[in-house]
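Source file work03.cif; content: mmCIF, N, CA and C atoms and all ligand atoms.
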```cif
data_protein
loop_
_atom_site.label_atom_id
_atom_site.label_comp_id
_atom_site.auth_asym_id
_atom_site.auth_seq_id
_atom_site.Cartn_x
_atom_site.Cartn_y
_atom_site.Cartn_z
N MET A 180 11.90 -211.09 49.99
CA MET A 180 12.87 -210.11 49.57
C MET A 180 14.26 -210.69 49.78
N GLU A 181 15.09 -210.60 48.77
CA GLU A 181 16.42 -211.17 48.83
C GLU A 181 17.45 -210.04 48.74
N VAL A 182 18.35 -209.99 49.72
CA VAL A 182 19.41 -208.97 49.75
C VAL A 182 20.74 -209.65 50.05
N ALA A 183 21.81 -208.94 49.83
CA ALA A 183 23.13 -209.50 50.05
C ALA A 183 23.37 -209.79 51.53
N PHE A 184 24.01 -210.90 51.79
CA PHE A 184 24.42 -211.26 53.15
C PHE A 184 25.90 -210.94 53.27
N ASP A 185 26.25 -210.08 54.22
CA ASP A 185 27.66 -209.75 54.36
C ASP A 185 28.07 -209.78 55.84
N ALA A 186 29.34 -209.55 56.08
CA ALA A 186 29.87 -209.66 57.44
C ALA A 186 29.24 -208.63 58.37
N THR A 187 28.91 -207.45 57.86
CA THR A 187 28.29 -206.41 58.69
C THR A 187 26.91 -206.86 59.17
N PHE A 188 26.11 -207.36 58.24
CA PHE A 188 24.79 -207.86 58.63
C PHE A 188 24.92 -209.00 59.64
N ASP A 189 25.84 -209.90 59.39
CA ASP A 189 26.02 -211.05 60.27
C ASP A 189 26.40 -210.61 61.68
N GLU A 190 27.29 -209.64 61.78
CA GLU A 190 27.71 -209.15 63.10
C GLU A 190 26.55 -208.43 63.79
N GLN A 191 25.80 -207.63 63.04
CA GLN A 191 24.71 -206.86 63.65
C GLN A 191 23.52 -207.73 64.02
N ARG A 192 23.23 -208.74 63.23
CA ARG A 192 22.08 -209.60 63.58
C ARG A 192 22.34 -210.32 64.89
N LYS A 193 23.59 -210.67 65.14
CA LYS A 193 23.94 -211.31 66.41
C LYS A 193 23.93 -210.31 67.55
N ARG A 194 24.51 -209.15 67.33
CA ARG A 194 24.62 -208.14 68.38
C ARG A 194 23.25 -207.63 68.83
N PHE A 195 22.33 -207.45 67.89
CA PHE A 195 21.01 -206.91 68.22
C PHE A 195 19.93 -207.98 68.32
N SER A 196 20.33 -209.26 68.27
CA SER A 196 19.38 -210.37 68.37
C SER A 196 18.24 -210.22 67.37
N PHE A 197 18.60 -209.90 66.14
CA PHE A 197 17.61 -209.70 65.09
C PHE A 197 16.86 -211.00 64.79
N CYS A 198 15.56 -210.95 64.85
CA CYS A 198 14.72 -212.13 64.62
C CYS A 198 14.17 -212.07 63.20
N PHE A 199 14.54 -213.02 62.36
CA PHE A 199 14.03 -213.02 60.98
C PHE A 199 13.89 -214.43 60.41
N THR A 200 14.22 -215.44 61.21
CA THR A 200 14.17 -216.82 60.69
C THR A 200 12.94 -217.56 61.24
N CYS A 201 12.69 -218.72 60.67
CA CYS A 201 11.53 -219.52 61.05
C CYS A 201 11.46 -219.78 62.55
N GLU A 202 12.62 -219.95 63.17
CA GLU A 202 12.64 -220.28 64.60
C GLU A 202 11.97 -219.22 65.47
N HIS A 203 11.84 -218.01 64.95
CA HIS A 203 11.19 -216.93 65.70
C HIS A 203 9.82 -216.59 65.11
N CYS A 204 9.34 -217.40 64.22
CA CYS A 204 8.07 -217.11 63.52
C CYS A 204 6.92 -217.92 64.14
N ALA A 205 5.76 -217.28 64.23
CA ALA A 205 4.58 -217.93 64.80
C ALA A 205 4.06 -219.08 63.93
N HIS A 206 4.49 -219.16 62.69
CA HIS A 206 4.00 -220.20 61.77
C HIS A 206 4.97 -221.37 61.65
N PHE A 207 5.89 -221.48 62.59
CA PHE A 207 6.91 -222.53 62.54
C PHE A 207 6.50 -223.69 63.43
N ASP A 208 6.60 -224.89 62.89
CA ASP A 208 6.35 -226.12 63.66
C ASP A 208 7.69 -226.61 64.21
N THR A 209 7.88 -226.41 65.50
CA THR A 209 9.18 -226.77 66.10
C THR A 209 9.41 -228.28 66.09
N ASP A 210 8.36 -229.08 66.09
CA ASP A 210 8.53 -230.54 66.09
C ASP A 210 9.05 -231.04 64.75
N SER A 211 8.45 -230.57 63.68
CA SER A 211 8.83 -231.07 62.35
C SER A 211 9.91 -230.22 61.68
N GLY A 212 10.05 -228.96 62.12
CA GLY A 212 10.98 -228.05 61.47
C GLY A 212 10.42 -227.47 60.19
N GLU A 213 9.13 -227.68 59.95
CA GLU A 213 8.51 -227.20 58.73
C GLU A 213 7.65 -225.96 59.00
N CYS A 214 7.31 -225.29 57.91
CA CYS A 214 6.43 -224.13 57.97
C CYS A 214 4.98 -224.62 58.00
N LEU A 215 4.16 -224.07 58.90
CA LEU A 215 2.76 -224.50 58.99
C LEU A 215 1.95 -224.11 57.76
N HIS A 216 2.48 -223.20 56.96
CA HIS A 216 1.82 -222.83 55.70
C HIS A 216 2.29 -223.72 54.55
N GLY A 217 3.23 -224.57 54.83
CA GLY A 217 3.74 -225.46 53.78
C GLY A 217 4.77 -224.83 52.87
N PHE A 218 5.28 -223.66 53.26
CA PHE A 218 6.29 -223.01 52.42
C PHE A 218 7.61 -223.76 52.51
N PRO A 219 8.34 -223.85 51.41
CA PRO A 219 9.70 -224.37 51.50
C PRO A 219 10.51 -223.41 52.36
N ASN A 220 11.13 -223.89 53.44
CA ASN A 220 11.72 -222.95 54.39
C ASN A 220 13.23 -223.14 54.60
N HIS A 221 13.85 -223.90 53.78
CA HIS A 221 15.29 -224.13 53.94
C HIS A 221 16.07 -222.81 54.06
N MET A 222 15.75 -221.86 53.21
CA MET A 222 16.50 -220.59 53.21
C MET A 222 15.99 -219.59 54.25
N HIS A 223 15.00 -220.01 55.03
CA HIS A 223 14.49 -219.14 56.10
C HIS A 223 14.90 -219.64 57.48
N ARG A 224 15.61 -220.77 57.51
CA ARG A 224 16.01 -221.35 58.79
C ARG A 224 17.32 -220.74 59.30
N LEU A 225 17.46 -220.66 60.61
CA LEU A 225 18.66 -220.09 61.21
C LEU A 225 19.91 -220.85 60.78
N SER A 226 19.80 -222.15 60.66
CA SER A 226 20.97 -222.97 60.30
C SER A 226 21.52 -222.57 58.93
N TYR A 227 20.67 -222.06 58.07
CA TYR A 227 21.12 -221.63 56.74
C TYR A 227 22.10 -220.46 56.86
N TYR A 228 21.88 -219.59 57.85
CA TYR A 228 22.71 -218.40 58.02
C TYR A 228 23.91 -218.64 58.92
N GLU A 229 23.91 -219.77 59.61
CA GLU A 229 25.03 -220.08 60.49
C GLU A 229 25.91 -221.16 59.88
N HIS A 230 25.66 -221.48 58.63
CA HIS A 230 26.45 -222.49 57.93
C HIS A 230 27.79 -221.90 57.51
N THR A 231 28.79 -222.77 57.42
CA THR A 231 30.11 -222.37 56.91
C THR A 231 30.37 -223.09 55.60
N PRO A 232 30.62 -222.36 54.52
CA PRO A 232 30.68 -220.91 54.41
C PRO A 232 29.28 -220.29 54.47
N PRO A 233 29.21 -219.01 54.85
CA PRO A 233 27.90 -218.36 54.96
C PRO A 233 27.26 -218.17 53.59
N PRO A 234 25.94 -217.97 53.57
CA PRO A 234 25.26 -217.75 52.29
C PRO A 234 25.64 -216.40 51.70
N ARG A 235 25.36 -216.23 50.45
CA ARG A 235 25.67 -214.96 49.78
C ARG A 235 24.49 -213.99 49.83
N THR A 236 23.30 -214.54 50.12
CA THR A 236 22.12 -213.68 50.19
C THR A 236 21.24 -214.05 51.38
N ILE A 237 20.44 -213.09 51.80
CA ILE A 237 19.43 -213.29 52.84
C ILE A 237 18.08 -213.32 52.13
N LEU A 238 17.30 -214.34 52.40
CA LEU A 238 15.96 -214.39 51.82
C LEU A 238 14.96 -214.20 52.95
N PHE A 239 14.42 -212.96 53.05
CA PHE A 239 13.44 -212.67 54.07
C PHE A 239 12.08 -213.21 53.64
N CYS A 240 11.38 -213.84 54.58
CA CYS A 240 10.06 -214.40 54.28
C CYS A 240 9.01 -213.30 54.43
N LYS A 241 8.17 -213.15 53.42
CA LYS A 241 7.14 -212.11 53.45
C LYS A 241 6.05 -212.43 54.47
N ASP A 242 5.97 -213.69 54.89
CA ASP A 242 4.90 -214.08 55.82
C ASP A 242 5.42 -214.24 57.25
N PHE A 243 6.65 -213.79 57.49
CA PHE A 243 7.20 -213.87 58.84
C PHE A 243 6.29 -213.13 59.81
N ASP A 244 5.99 -213.79 60.93
CA ASP A 244 5.14 -213.21 61.95
C ASP A 244 5.79 -213.52 63.30
N LEU A 245 6.32 -212.52 63.95
CA LEU A 245 7.07 -212.76 65.17
C LEU A 245 6.23 -213.53 66.19
N GLY A 246 6.74 -214.68 66.58
CA GLY A 246 5.99 -215.55 67.49
C GLY A 246 6.33 -215.31 68.95
S1 LIG B 1 5.96 -218.13 57.37
FE1 LIG B 1 8.02 -217.94 56.56
S2 LIG B 1 9.32 -217.45 58.33
FE2 LIG B 1 7.37 -218.28 59.08
S3 LIG B 1 7.70 -220.48 59.36
FE3 LIG B 1 6.85 -220.16 57.31
S4 LIG B 1 8.61 -220.02 55.95
FE4 LIG B 1 9.33 -219.68 58.06
#
```

Using structure tokens, write down the structure that the file contains.
Amino acid sequence: MEVAFDATFDEQRKRFSFCFTCEHCAHFDTDSGECLHGFPNHMHRLSYYEHTPPPRTILFCKDFDLG
């Protein structure tokens, strides 16, 4: 699911420690930085949302499983 990324979301995700990226997913390989399912995960990584300038959209992974 892809939705707009804005300053409000960015402030709230930090304030509430919202977990939605690969780094918090049970299917993430911390050694390789890849998804264990083989999904392309560039847009699901935390670094994508902490980049300057920030992205214009959030791409939530349908297979996210809190690890
Ligand atoms: S399932 Fe989705 S959120 Fe989890 S590691 Fe793979 S790409 Fe990332």

Determine, using all atoms listed in the file, which residues of chain A have any atom at most 8 Å from an atom of ligand LIG 1 (chain B), and tabulate each with its shortest atom pair and distance in Å to one decimal place, rows ordered by chain and then rising number, as a tab-separated table.
```
residue	atom	partner	partner_atom	distance
A:Phe199	C	B:LIG1	S2	5.9
A:Thr200	C	B:LIG1	S2	4.6
A:Cys201	CA	B:LIG1	FE4	3.7
A:Glu202	N	B:LIG1	FE4	6.1
A:His203	C	B:LIG1	FE2	6.7
A:Cys204	CA	B:LIG1	FE2	4.6
A:Ala205	N	B:LIG1	FE2	5.5
A:His206	C	B:LIG1	S3	3.7
A:Phe207	N	B:LIG1	S3	3.8
A:Asp208	N	B:LIG1	S3	5.8
A:Gly212	C	B:LIG1	S3	7.5
A:Glu213	C	B:LIG1	S3	5.5
A:Cys214	CA	B:LIG1	FE3	4.0
A:Leu215	N	B:LIG1	FE3	5.0
A:His216	N	B:LIG1	FE3	5.3
A:Gly217	N	B:LIG1	FE3	6.2
A:Phe218	CA	B:LIG1	S4	5.2
A:Pro219	C	B:LIG1	S4	5.3
A:Asn220	CA	B:LIG1	S4	4.5
A:His221	N	B:LIG1	S4	6.9
A:Met222	C	B:LIG1	S4	7.6
A:His223	CA	B:LIG1	FE4	5.5
A:Arg224	N	B:LIG1	FE4	6.4
A:Phe239	C	B:LIG1	FE1	6.9
A:Cys240	CA	B:LIG1	FE1	4.7
A:Lys241	N	B:LIG1	FE1	5.7
A:Asp242	C	B:LIG1	S1	3.9
A:Phe243	CA	B:LIG1	S2	4.2
A:Asp244	N	B:LIG1	FE2	5.0
A:Leu245	N	B:LIG1	FE2	7.6
```

- Item | Point-to-point distance from CA of Arg235 in chain A to atom N of Phe184 in chain A, Å rounded to tenths |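 Spanning CA of Arg235 in chain A to atom N of Phe184 in chain A is a straight-line distance of 4.8 Å.
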
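For the pair CA of Ala183 in chain A and CA of Pro234 in chain A, the interatomic distance is 8.8 Å.
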
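Distance-wise, CA of Met180 in chain A and CA of Ile237 in chain A end up 8.0 Å apart.
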
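Among A:Pro233, A:Asp210, A:Ser226, A:Leu238, the residue with the shortest atom-to-atom distance to Asp189 in chain A, counting only C-alpha atoms, is A:Pro233.
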
Box dimensions and centre (Å, one decimal) enclosing range 204-223 of chain A, axis-aligned, 3 Å extra per side, as AutoDock Vina command-line options:
```
--center_x 9.2 --center_y -224.1 --center_z 58.8 --size_x 20.7 --size_y 20.0 --size_z 20.7
```

- Query: Out of chain A, which residues get strand (DSSP E or B) from DSSP, as a PyMOL selection string?
  - Reply: chain A and resi 181-183+204+207+214+236-238+245

- Could you give me, as a list in words, each residue of chain A that DSSP assigns to alpha helix (DSSP H) when run on this structure's backbone? Ala186, Thr187, Phe188, Asp189, Glu190, Gln191, Arg192, Lys193, Arg194, Leu225, Ser226, Tyr227 and Tyr228 of chain A
